[in-house]
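For reference, the structure discussed in these notes is given below.
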Amino acid sequence: MRIIDTHFHWYPRSVYEMLCKRADYPRAVPTTNGGYLVSPHEGASRRDTWAEWFDLDGALEHMDKAAAKIGCDFGVVCTTGPGGAFFSETDAEYGFAAAQMWNDEMAAVVSRYPGKVWASGVAPLQDPKRAIEELERATKMGLVGINIPGSIGPRGKIHIDDASPEPFYDRAEKLGAMLFLHPTDVVFADICDGKDGALYNALGKIIDLSLAIYRLVVSGIMERHPKLKVYVSHTGGALPYQSGRMDKNSKAAQLPRPPSEYLKRMYTDTVQPHALGMKLAIDYYGADHVMYGDDYPCWNPESALEVFGELGLSQEDQRKILCDNARLLLNLKEPVPQKQAAAV
């Protein structure tokens with residue numbers, strides 16, 4: 001069986017090395033663990049990477065070894081993760097230039113590993129016109145969608161349900177581009193401070209993600225854009241578990257349908273190190289709306305597949321979640337076999 005990991009992180013070092021050469025904001029400095037401390041603007045510092053985030057060959061080797069143990073073959077879809085907030089948090093001109101550089105690197109690695117690596121892109125949402133321009137360019141280059149943060153601008157002052165990025169959502173809907181929504185480290189740092197990151201990593205990011213997802217619902221964006229494809233990471237955050245509460249307490253939003261109907265239109269992953277939580281996500285969204293992910297290098301395929309194996313799913317649902325849904329929803333292109341290409 002083929003397994004396609006749709007929640008897999010790889011960052012091109014070139015973008016960070018370019019930041020390290022800058023004296024003014026935005027800028028970055030290398031860290032002792034092989035990552036970078038990034039400052040998108042004055043008063044903000046983001047440290048969320050280590051050496052494994054930048055080693056694609058090492059990551060693919062890790063994936064292949066895990067697959068060999070169970071007789072499978074791995075493919076990966078590069079998604080951005082918390083670092084994706086940078087492009088919409090810094091000034092628009094630099095965010096646009098950095099997004100172009102990032103997307104070029106992603107397209108290059110897709111060409112280098114055809115049928116093995118696919119990738120999503122980034123766009124500067126603080127400048128909707130440029131964001132649409134980069135969305136269109138990324139789509140033409142073969143990237144499978146765009147990563148969006150939960151908030152926009154310095155310190156996350158603009159929410160993703162603001163009126164300004166809605167033309168971007170409209171264009172993404174028309175293009176059929178998937179929007180990948182992942183927690184960031186822009187907000188909730190104060191109330192989740194301390195304990196060496198335990199509060200923030202365990203709950204802060206999930207709160208950030210859950211609120212961002214729900215903003216797309218209560219704002220009416222999902223209602224106004226019925227074909228918009230949204231992929232929410234980490235099994236939808238806290239939302240599946242609190243779905244009934246949202247239907248009960250969101251009448252002020254004046255939506256024509258219960259909020260849960262919009263949530264269930266979205267797609268999610270299997271990044272949940274707990275079989276009960278993973279099963280809840282699959283039951284809630286449906287097997288057709290779940291794609292395998294293991295959050296590498298923050299988690300790993302060995303542990304993710306072990307939890308997935310505890311669910312006792314049918315062979316059909318396993319195939320959908322591990323591979324078939326990704327192929328269909330992300331329109332993944334396989335390389336043409338050499339014999340067939342020669343015949344053509």
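The chains in the structure tokens are called A, B, ... from first to last as shown; in each chain the residues are counted from 1, and the ligands are counted from 1 in the order shown.
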
Quiz item: If we count only C-alpha atoms, what is near range 201-216 of chain A at a cut-off of 8 Å, once residues fewer than 4 positions away on the same chain are taken out, given as a PyMOL selection string?
Solution: chain A and resi 150-151+159-161+181-185+187-189+192+197+220-222+232+234+236-239+263

If you run DSSP on this backbone, which residues of range 66-311 of chain A come out as alpha helix (DSSP H), and could you give them as a PDB file with C-alpha atoms, in the first residue's frame?
ATOM      1  CA  ALA A  66       9.444   3.206   8.517  1.00  0.00           C
ATOM      2  CA  ALA A  67       7.573   2.119   5.376  1.00  0.00           C
ATOM      3  CA  ALA A  68       9.885  -0.822   4.731  1.00  0.00           C
ATOM      4  CA  LYS A  69       9.051  -2.279   8.151  1.00  0.00           C
ATOM      5  CA  ILE A  70       5.383  -2.587   7.222  1.00  0.00           C
ATOM      6  CA  PHE A  86       5.998  34.787   8.875  1.00  0.00           C
ATOM      7  CA  PHE A  87       5.000  35.647   5.302  1.00  0.00           C
ATOM      8  CA  SER A  88       1.799  37.361   6.470  1.00  0.00           C
ATOM      9  CA  GLU A  89       3.282  38.900   9.617  1.00  0.00           C
ATOM     10  CA  ALA A  92       4.111  43.117   2.743  1.00  0.00           C
ATOM     11  CA  GLU A  93       6.977  43.769   0.337  1.00  0.00           C
ATOM     12  CA  TYR A  94       9.365  41.400   2.071  1.00  0.00           C
ATOM     13  CA  GLY A  95       6.617  38.862   2.742  1.00  0.00           C
ATOM     14  CA  PHE A  96       5.893  38.749  -0.982  1.00  0.00           C
ATOM     15  CA  ALA A  97       9.563  38.369  -1.965  1.00  0.00           C
ATOM     16  CA  ALA A  98      10.138  35.666   0.654  1.00  0.00           C
ATOM     17  CA  ALA A  99       6.958  33.823  -0.416  1.00  0.00           C
ATOM     18  CA  GLN A 100       8.164  33.765  -4.009  1.00  0.00           C
ATOM     19  CA  MET A 101      11.540  32.403  -2.956  1.00  0.00           C
ATOM     20  CA  TRP A 102       9.886  29.765  -0.751  1.00  0.00           C
ATOM     21  CA  ASN A 103       7.503  28.645  -3.479  1.00  0.00           C
ATOM     22  CA  ASP A 104      10.312  28.429  -6.021  1.00  0.00           C
ATOM     23  CA  GLU A 105      12.198  26.132  -3.640  1.00  0.00           C
ATOM     24  CA  MET A 106       9.107  23.996  -3.136  1.00  0.00           C
ATOM     25  CA  ALA A 107       8.494  23.661  -6.861  1.00  0.00           C
ATOM     26  CA  ALA A 108      12.142  22.717  -7.387  1.00  0.00           C
ATOM     27  CA  VAL A 109      12.015  19.913  -4.829  1.00  0.00           C
ATOM     28  CA  VAL A 110       8.814  18.551  -6.382  1.00  0.00           C
ATOM     29  CA  SER A 111      10.652  18.338  -9.700  1.00  0.00           C
ATOM     30  CA  ARG A 112      13.604  16.669  -8.007  1.00  0.00           C
ATOM     31  CA  PRO A 128      -4.480  40.445  -0.736  1.00  0.00           C
ATOM     32  CA  LYS A 129      -3.600  41.529  -4.290  1.00  0.00           C
ATOM     33  CA  ARG A 130      -0.108  40.066  -4.042  1.00  0.00           C
ATOM     34  CA  ALA A 131      -1.466  37.026  -2.209  1.00  0.00           C
ATOM     35  CA  ILE A 132      -3.792  36.267  -5.130  1.00  0.00           C
ATOM     36  CA  GLU A 133      -0.942  36.813  -7.571  1.00  0.00           C
ATOM     37  CA  GLU A 134       1.247  34.335  -5.697  1.00  0.00           C
ATOM     38  CA  LEU A 135      -1.611  31.851  -5.287  1.00  0.00           C
ATOM     39  CA  GLU A 136      -2.062  31.811  -9.055  1.00  0.00           C
ATOM     40  CA  ARG A 137       1.674  31.484  -9.690  1.00  0.00           C
ATOM     41  CA  ALA A 138       2.043  28.664  -7.150  1.00  0.00           C
ATOM     42  CA  THR A 139      -0.857  26.799  -8.733  1.00  0.00           C
ATOM     43  CA  LYS A 140       0.689  27.097 -12.186  1.00  0.00           C
ATOM     44  CA  GLU A 166     -11.835  37.348   1.315  1.00  0.00           C
ATOM     45  CA  PRO A 167     -10.950  38.003  -2.367  1.00  0.00           C
ATOM     46  CA  PHE A 168      -8.064  35.584  -1.804  1.00  0.00           C
ATOM     47  CA  TYR A 169     -10.493  32.927  -0.556  1.00  0.00           C
ATOM     48  CA  ASP A 170     -12.724  33.575  -3.531  1.00  0.00           C
ATOM     49  CA  ARG A 171      -9.830  33.000  -5.942  1.00  0.00           C
ATOM     50  CA  ALA A 172      -8.700  29.873  -4.067  1.00  0.00           C
ATOM     51  CA  GLU A 173     -12.241  28.493  -4.362  1.00  0.00           C
ATOM     52  CA  LYS A 174     -12.336  29.129  -8.114  1.00  0.00           C
ATOM     53  CA  LEU A 175      -8.916  27.500  -8.590  1.00  0.00           C
ATOM     54  CA  ALA A 198       4.301  22.727  28.009  1.00  0.00           C
ATOM     55  CA  LEU A 199       1.166  24.881  28.204  1.00  0.00           C
ATOM     56  CA  LYS A 205      -1.457  26.220  19.563  1.00  0.00           C
ATOM     57  CA  ILE A 206      -4.629  24.121  19.538  1.00  0.00           C
ATOM     58  CA  ILE A 207      -6.631  27.082  20.885  1.00  0.00           C
ATOM     59  CA  ASP A 208      -5.123  29.255  18.154  1.00  0.00           C
ATOM     60  CA  LEU A 209      -6.004  26.693  15.494  1.00  0.00           C
ATOM     61  CA  SER A 210      -9.533  26.074  16.791  1.00  0.00           C
ATOM     62  CA  LEU A 211     -10.423  29.767  16.870  1.00  0.00           C
ATOM     63  CA  ALA A 212      -9.010  30.336  13.392  1.00  0.00           C
ATOM     64  CA  ILE A 213     -11.031  27.435  11.979  1.00  0.00           C
ATOM     65  CA  TYR A 214     -14.198  28.614  13.655  1.00  0.00           C
ATOM     66  CA  ARG A 215     -13.759  32.176  12.438  1.00  0.00           C
ATOM     67  CA  LEU A 216     -14.097  30.850   8.889  1.00  0.00           C
ATOM     68  CA  VAL A 217     -17.459  29.409   9.943  1.00  0.00           C
ATOM     69  CA  VAL A 218     -19.122  32.112  12.070  1.00  0.00           C
ATOM     70  CA  ILE A 221     -16.917  32.668   4.748  1.00  0.00           C
ATOM     71  CA  MET A 222     -17.687  28.956   4.461  1.00  0.00           C
ATOM     72  CA  GLU A 223     -21.308  29.802   3.632  1.00  0.00           C
ATOM     73  CA  ARG A 224     -20.349  32.336   0.952  1.00  0.00           C
ATOM     74  CA  SER A 243     -19.241  20.576  18.068  1.00  0.00           C
ATOM     75  CA  GLY A 244     -22.555  20.389  19.922  1.00  0.00           C
ATOM     76  CA  ARG A 245     -21.653  23.372  22.048  1.00  0.00           C
ATOM     77  CA  MET A 246     -20.933  25.420  18.931  1.00  0.00           C
ATOM     78  CA  ASP A 247     -24.265  24.503  17.352  1.00  0.00           C
ATOM     79  CA  LYS A 248     -25.989  25.485  20.595  1.00  0.00           C
ATOM     80  CA  ASN A 249     -24.203  28.776  21.253  1.00  0.00           C
ATOM     81  CA  PRO A 259     -22.012  25.445  12.355  1.00  0.00           C
ATOM     82  CA  SER A 260     -21.146  21.747  12.471  1.00  0.00           C
ATOM     83  CA  GLU A 261     -22.270  21.373   8.849  1.00  0.00           C
ATOM     84  CA  TYR A 262     -19.587  23.824   7.718  1.00  0.00           C
ATOM     85  CA  LEU A 263     -16.955  22.200   9.903  1.00  0.00           C
ATOM     86  CA  ALA A 275      -6.448   6.471  19.413  1.00  0.00           C
ATOM     87  CA  LEU A 276      -9.696   7.760  20.927  1.00  0.00           C
ATOM     88  CA  GLY A 277      -9.033  11.282  19.646  1.00  0.00           C
ATOM     89  CA  MET A 278      -8.033  10.036  16.195  1.00  0.00           C
ATOM     90  CA  LYS A 279     -11.159   7.889  15.970  1.00  0.00           C
ATOM     91  CA  LEU A 280     -13.349  10.822  17.001  1.00  0.00           C
ATOM     92  CA  ALA A 281     -11.924  12.918  14.159  1.00  0.00           C
ATOM     93  CA  ILE A 282     -12.564  10.176  11.596  1.00  0.00           C
ATOM     94  CA  ASP A 283     -16.091   9.577  12.905  1.00  0.00           C
ATOM     95  CA  TYR A 284     -16.791  13.320  12.890  1.00  0.00           C
ATOM     96  CA  TYR A 285     -15.401  14.340   9.504  1.00  0.00           C
ATOM     97  CA  PRO A 301       5.461   7.768  11.184  1.00  0.00           C
ATOM     98  CA  GLU A 302       6.242   4.855  13.500  1.00  0.00           C
ATOM     99  CA  SER A 303       4.114   6.269  16.322  1.00  0.00           C
ATOM    100  CA  ALA A 304       1.428   7.710  14.047  1.00  0.00           C
ATOM    101  CA  LEU A 305       0.876   4.420  12.219  1.00  0.00           C
ATOM    102  CA  GLU A 306       0.864   2.487  15.487  1.00  0.00           C
ATOM    103  CA  VAL A 307      -2.004   4.647  16.795  1.00  0.00           C
ATOM    104  CA  PHE A 308      -3.780   4.443  13.431  1.00  0.00           C
ATOM    105  CA  GLY A 309      -3.533   0.638  13.564  1.00  0.00           C
TER     106      GLY A 309
END

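The gap separating CA of Tyr267 in chain A from CA of Glu316 in chain A is 18.0 Å, in Å to one decimal.
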
Quiz prompt | Test item: residues at most 10 Å from Asp295 in chain A, only C-alpha atoms, excluding those fewer than 2 positions along its chain, as number ranges by chain | solution = A: 5-9, 79, 81, 233-234, 269-272, 292-293, 297-301, 304

Can you write out the residues you just picked, keeping N, CA, C and O atoms, as an mmCIF file, in the first residue's frame?
data_model
loop_
_atom_site.group_PDB
_atom_site.id
_atom_site.type_symbol
_atom_site.label_atom_id
_atom_site.label_comp_id
_atom_site.auth_asym_id
_atom_site.auth_seq_id
_atom_site.Cartn_x
_atom_site.Cartn_y
_atom_site.Cartn_z
ATOM 1 N N ASP A 5 1.874 11.121 3.262
ATOM 2 C CA ASP A 5 1.875 11.933 4.471
ATOM 3 C C ASP A 5 1.558 13.378 4.094
ATOM 4 O O ASP A 5 2.381 14.067 3.496
ATOM 5 N N THR A 6 0.366 13.845 4.448
ATOM 6 C CA THR A 6 -0.058 15.188 4.057
ATOM 7 C C THR A 6 0.209 16.244 5.130
ATOM 8 O O THR A 6 -0.158 17.409 4.952
ATOM 9 N N HIS A 7 0.809 15.842 6.233
ATOM 10 C CA HIS A 7 1.221 16.805 7.258
ATOM 11 C C HIS A 7 2.690 16.529 7.565
ATOM 12 O O HIS A 7 3.035 15.877 8.541
ATOM 13 N N PHE A 8 3.535 17.046 6.708
ATOM 14 C CA PHE A 8 4.973 16.773 6.728
ATOM 15 C C PHE A 8 5.687 18.106 6.528
ATOM 16 O O PHE A 8 5.361 18.863 5.611
ATOM 17 N N HIS A 9 6.654 18.396 7.400
ATOM 18 C CA HIS A 9 7.316 19.696 7.342
ATOM 19 C C HIS A 9 8.750 19.594 6.820
ATOM 20 O O HIS A 9 9.548 18.793 7.334
ATOM 21 N N THR A 79 4.192 20.719 3.934
ATOM 22 C CA THR A 79 3.355 21.811 4.421
ATOM 23 C C THR A 79 4.198 22.686 5.341
ATOM 24 O O THR A 79 5.237 22.264 5.837
ATOM 25 N N GLY A 81 3.520 24.667 8.361
ATOM 26 C CA GLY A 81 3.531 24.652 9.817
ATOM 27 C C GLY A 81 3.569 26.043 10.401
ATOM 28 O O GLY A 81 3.211 27.024 9.750
ATOM 29 N N SER A 233 -5.404 21.139 10.413
ATOM 30 C CA SER A 233 -4.441 20.189 10.973
ATOM 31 C C SER A 233 -4.846 19.726 12.371
ATOM 32 O O SER A 233 -5.817 20.199 12.955
ATOM 33 N N HIS A 234 -4.081 18.788 12.893
ATOM 34 C CA HIS A 234 -4.225 18.306 14.276
ATOM 35 C C HIS A 234 -5.657 17.875 14.594
ATOM 36 O O HIS A 234 -6.230 18.249 15.612
ATOM 37 N N ASP A 269 -6.451 15.813 9.326
ATOM 38 C CA ASP A 269 -5.380 14.814 9.298
ATOM 39 C C ASP A 269 -5.529 13.819 10.449
ATOM 40 O O ASP A 269 -6.553 13.801 11.141
ATOM 41 N N THR A 270 -4.510 13.006 10.640
ATOM 42 C CA THR A 270 -4.511 12.011 11.729
ATOM 43 C C THR A 270 -3.472 12.356 12.791
ATOM 44 O O THR A 270 -3.028 11.484 13.525
ATOM 45 N N VAL A 271 -3.088 13.627 12.884
ATOM 46 C CA VAL A 271 -2.070 14.022 13.859
ATOM 47 C C VAL A 271 -2.731 14.139 15.231
ATOM 48 O O VAL A 271 -3.176 15.207 15.656
ATOM 49 N N GLN A 272 -2.786 13.006 15.906
ATOM 50 C CA GLN A 272 -3.421 12.905 17.222
ATOM 51 C C GLN A 272 -2.833 11.675 17.906
ATOM 52 O O GLN A 272 -3.184 10.544 17.580
ATOM 53 N N TYR A 292 -4.011 10.991 5.949
ATOM 54 C CA TYR A 292 -2.949 10.637 6.880
ATOM 55 C C TYR A 292 -1.926 11.769 7.011
ATOM 56 O O TYR A 292 -1.545 12.409 6.034
ATOM 57 N N GLY A 293 -1.468 11.978 8.230
ATOM 58 C CA GLY A 293 -0.380 12.918 8.508
ATOM 59 C C GLY A 293 0.297 12.508 9.795
ATOM 60 O O GLY A 293 -0.334 11.912 10.681
ATOM 61 N N PRO A 297 8.867 16.809 11.488
ATOM 62 C CA PRO A 297 9.619 16.033 12.478
ATOM 63 C C PRO A 297 9.125 16.214 13.917
ATOM 64 O O PRO A 297 9.833 15.848 14.858
ATOM 65 N N CYS A 298 7.919 16.792 14.080
ATOM 66 C CA CYS A 298 7.386 16.986 15.428
ATOM 67 C C CYS A 298 6.817 15.696 16.014
ATOM 68 O O CYS A 298 6.714 15.549 17.229
ATOM 69 N N TRP A 299 6.409 14.797 15.137
ATOM 70 C CA TRP A 299 5.983 13.448 15.524
ATOM 71 C C TRP A 299 6.697 12.512 14.570
ATOM 72 O O TRP A 299 7.710 12.906 13.965
ATOM 73 N N ASN A 300 6.258 11.301 14.384
ATOM 74 C CA ASN A 300 6.984 10.395 13.501
ATOM 75 C C ASN A 300 6.034 9.322 12.958
ATOM 76 O O ASN A 300 5.006 9.025 13.574
ATOM 77 N N PRO A 301 6.368 8.745 11.786
ATOM 78 C CA PRO A 301 5.461 7.768 11.184
ATOM 79 C C PRO A 301 5.300 6.498 11.996
ATOM 80 O O PRO A 301 4.221 5.886 11.981
ATOM 81 N N ALA A 304 2.713 7.357 14.659
ATOM 82 C CA ALA A 304 1.428 7.710 14.047
ATOM 83 C C ALA A 304 0.729 6.482 13.480
ATOM 84 O O ALA A 304 -0.486 6.310 13.646
#

Quiz item: Which residue out of A:Ser45, A:Ala287, A:Leu330, A:Met63 has the minimum interatomic distance to Ile146 in chain A when only C-alpha atoms are used?
Solution: A:Leu330

Sort by chain and increasing residue number a table of all residues of range 106-163 of chain A within 12 Å of range 72-76 of chain A, each with its closest pair of atoms and their distance in Å to one decimal, counting only C-alpha atoms, and write it as a Markdown table.
| residue | atom | partner | partner_atom | distance |
| --- | --- | --- | --- | --- |
| A:Val109 | CA | A:Val76 | CA | 11.4 |
| A:Val110 | CA | A:Val76 | CA | 10.1 |
| A:Tyr113 | CA | A:Gly75 | CA | 9.6 |
| A:Pro114 | CA | A:Gly75 | CA | 9.8 |
| A:Gly115 | CA | A:Gly75 | CA | 7.1 |
| A:Lys116 | CA | A:Gly75 | CA | 4.6 |
| A:Val117 | CA | A:Val76 | CA | 5.1 |
| A:Trp118 | CA | A:Val76 | CA | 6.2 |
| A:Ala119 | CA | A:Val76 | CA | 8.0 |
| A:Ser120 | CA | A:Val76 | CA | 10.8 |
| A:Val144 | CA | A:Val76 | CA | 11.9 |

Store the residues picked out above in a file with N, CA, C and O atoms, as an mmCIF file, in the first residue's frame.
data_model
loop_
_atom_site.group_PDB
_atom_site.id
_atom_site.type_symbol
_atom_site.label_atom_id
_atom_site.label_comp_id
_atom_site.auth_asym_id
_atom_site.auth_seq_id
_atom_site.Cartn_x
_atom_site.Cartn_y
_atom_site.Cartn_z
ATOM 1 N N VAL A 109 11.880 21.206 -5.494
ATOM 2 C CA VAL A 109 12.015 19.913 -4.829
ATOM 3 C C VAL A 109 10.966 18.928 -5.342
ATOM 4 O O VAL A 109 11.217 17.714 -5.391
ATOM 5 N N VAL A 110 9.815 19.420 -5.762
ATOM 6 C CA VAL A 110 8.814 18.551 -6.382
ATOM 7 C C VAL A 110 9.364 17.976 -7.686
ATOM 8 O O VAL A 110 9.191 16.782 -7.987
ATOM 9 N N TYR A 113 11.971 15.190 -6.967
ATOM 10 C CA TYR A 113 11.453 13.910 -6.465
ATOM 11 C C TYR A 113 10.059 13.645 -7.029
ATOM 12 O O TYR A 113 9.083 13.591 -6.278
ATOM 13 N N PRO A 114 9.907 13.475 -8.327
ATOM 14 C CA PRO A 114 8.566 13.283 -8.903
ATOM 15 C C PRO A 114 7.895 12.022 -8.374
ATOM 16 O O PRO A 114 8.489 10.948 -8.330
ATOM 17 N N GLY A 115 6.640 12.178 -7.949
ATOM 18 C CA GLY A 115 5.897 11.044 -7.418
ATOM 19 C C GLY A 115 6.272 10.664 -6.005
ATOM 20 O O GLY A 115 5.668 9.738 -5.429
ATOM 21 N N LYS A 116 7.220 11.362 -5.423
ATOM 22 C CA LYS A 116 7.669 11.094 -4.052
ATOM 23 C C LYS A 116 7.365 12.283 -3.144
ATOM 24 O O LYS A 116 6.964 12.123 -1.994
ATOM 25 N N VAL A 117 7.583 13.477 -3.676
ATOM 26 C CA VAL A 117 7.381 14.701 -2.902
ATOM 27 C C VAL A 117 6.448 15.632 -3.671
ATOM 28 O O VAL A 117 6.635 15.880 -4.862
ATOM 29 N N TRP A 118 5.427 16.116 -2.977
ATOM 30 C CA TRP A 118 4.581 17.199 -3.458
ATOM 31 C C TRP A 118 4.687 18.315 -2.434
ATOM 32 O O TRP A 118 5.254 18.130 -1.355
ATOM 33 N N ALA A 119 4.164 19.485 -2.748
ATOM 34 C CA ALA A 119 4.333 20.594 -1.811
ATOM 35 C C ALA A 119 3.207 21.607 -1.940
ATOM 36 O O ALA A 119 2.563 21.734 -2.988
ATOM 37 N N SER A 120 2.990 22.327 -0.858
ATOM 38 C CA SER A 120 2.069 23.451 -0.829
ATOM 39 C C SER A 120 2.884 24.736 -0.727
ATOM 40 O O SER A 120 4.065 24.700 -0.385
ATOM 41 N N VAL A 144 0.203 22.246 -4.544
ATOM 42 C CA VAL A 144 -1.140 21.692 -4.360
ATOM 43 C C VAL A 144 -2.062 22.560 -3.507
ATOM 44 O O VAL A 144 -3.214 22.188 -3.273
#

Quiz item: Which residues in range 198-314 of chain A does DSSP call strand (DSSP E)? List them as a ChimeraX atom specification.
Solution: /A:229-232,267-268

Quiz item: Nearest to Gly156 in chain A among A:Thr268, A:Pro40, A:Lys229, A:Arg319, with distances taken over only C-alpha atoms: which residue is it?
Solution: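 The answer is A:Pro40, which sits nearest to Gly156 in chain A.
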
Quiz item: How many Å separate CA of Ala253 in chain A from CA of Lys157 in chain A?
Solution: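 It comes out at 21.3 Å.
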
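Between CA of Asp288 in chain A and CA of Leu332 in chain A there is a distance of 16.1 Å.
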
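With only C-alpha atoms as the atoms that count, the minimum distance from Leu311 in chain A to the choices A:Met18, A:Arg47, A:Arg265, A:His274 is reached by A:His274.
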
Practice problem: Would you list the contacts of Gly145 in chain A as a list in words, taking every protein, DNA or RNA residue within 6 Å and counting only C-alpha atoms, but skipping same-chain residues closer than 3 positions in sequence? | Solution: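 The residues that qualify are Ser120, Ala177, Met178 and Leu179 of chain A.
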
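Proximity to His41 in chain A was assessed for A:Tyr25, A:Tyr296, A:Phe54, A:Trp10 counting only C-alpha atoms; the smallest distance is recorded for A:Tyr25.
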
Quiz prompt | Selected residue, from A:Pro256, A:Gly121, A:Gly83, A:Gly58, that lies nearest to Leu37 in chain A when counting only C-alpha atoms | solution = A:Gly83

Practice problem: Identify, on the basis of only C-alpha atoms, every residue whose closest approach to Pro26 in chain A does not exceed 9 Å; exclude the query and any residue fewer than 2 positions from it along the same chain; express the result as a PyMOL selection string. | Solution: chain A and resi 19+22-24+28+38-42+90-91+94
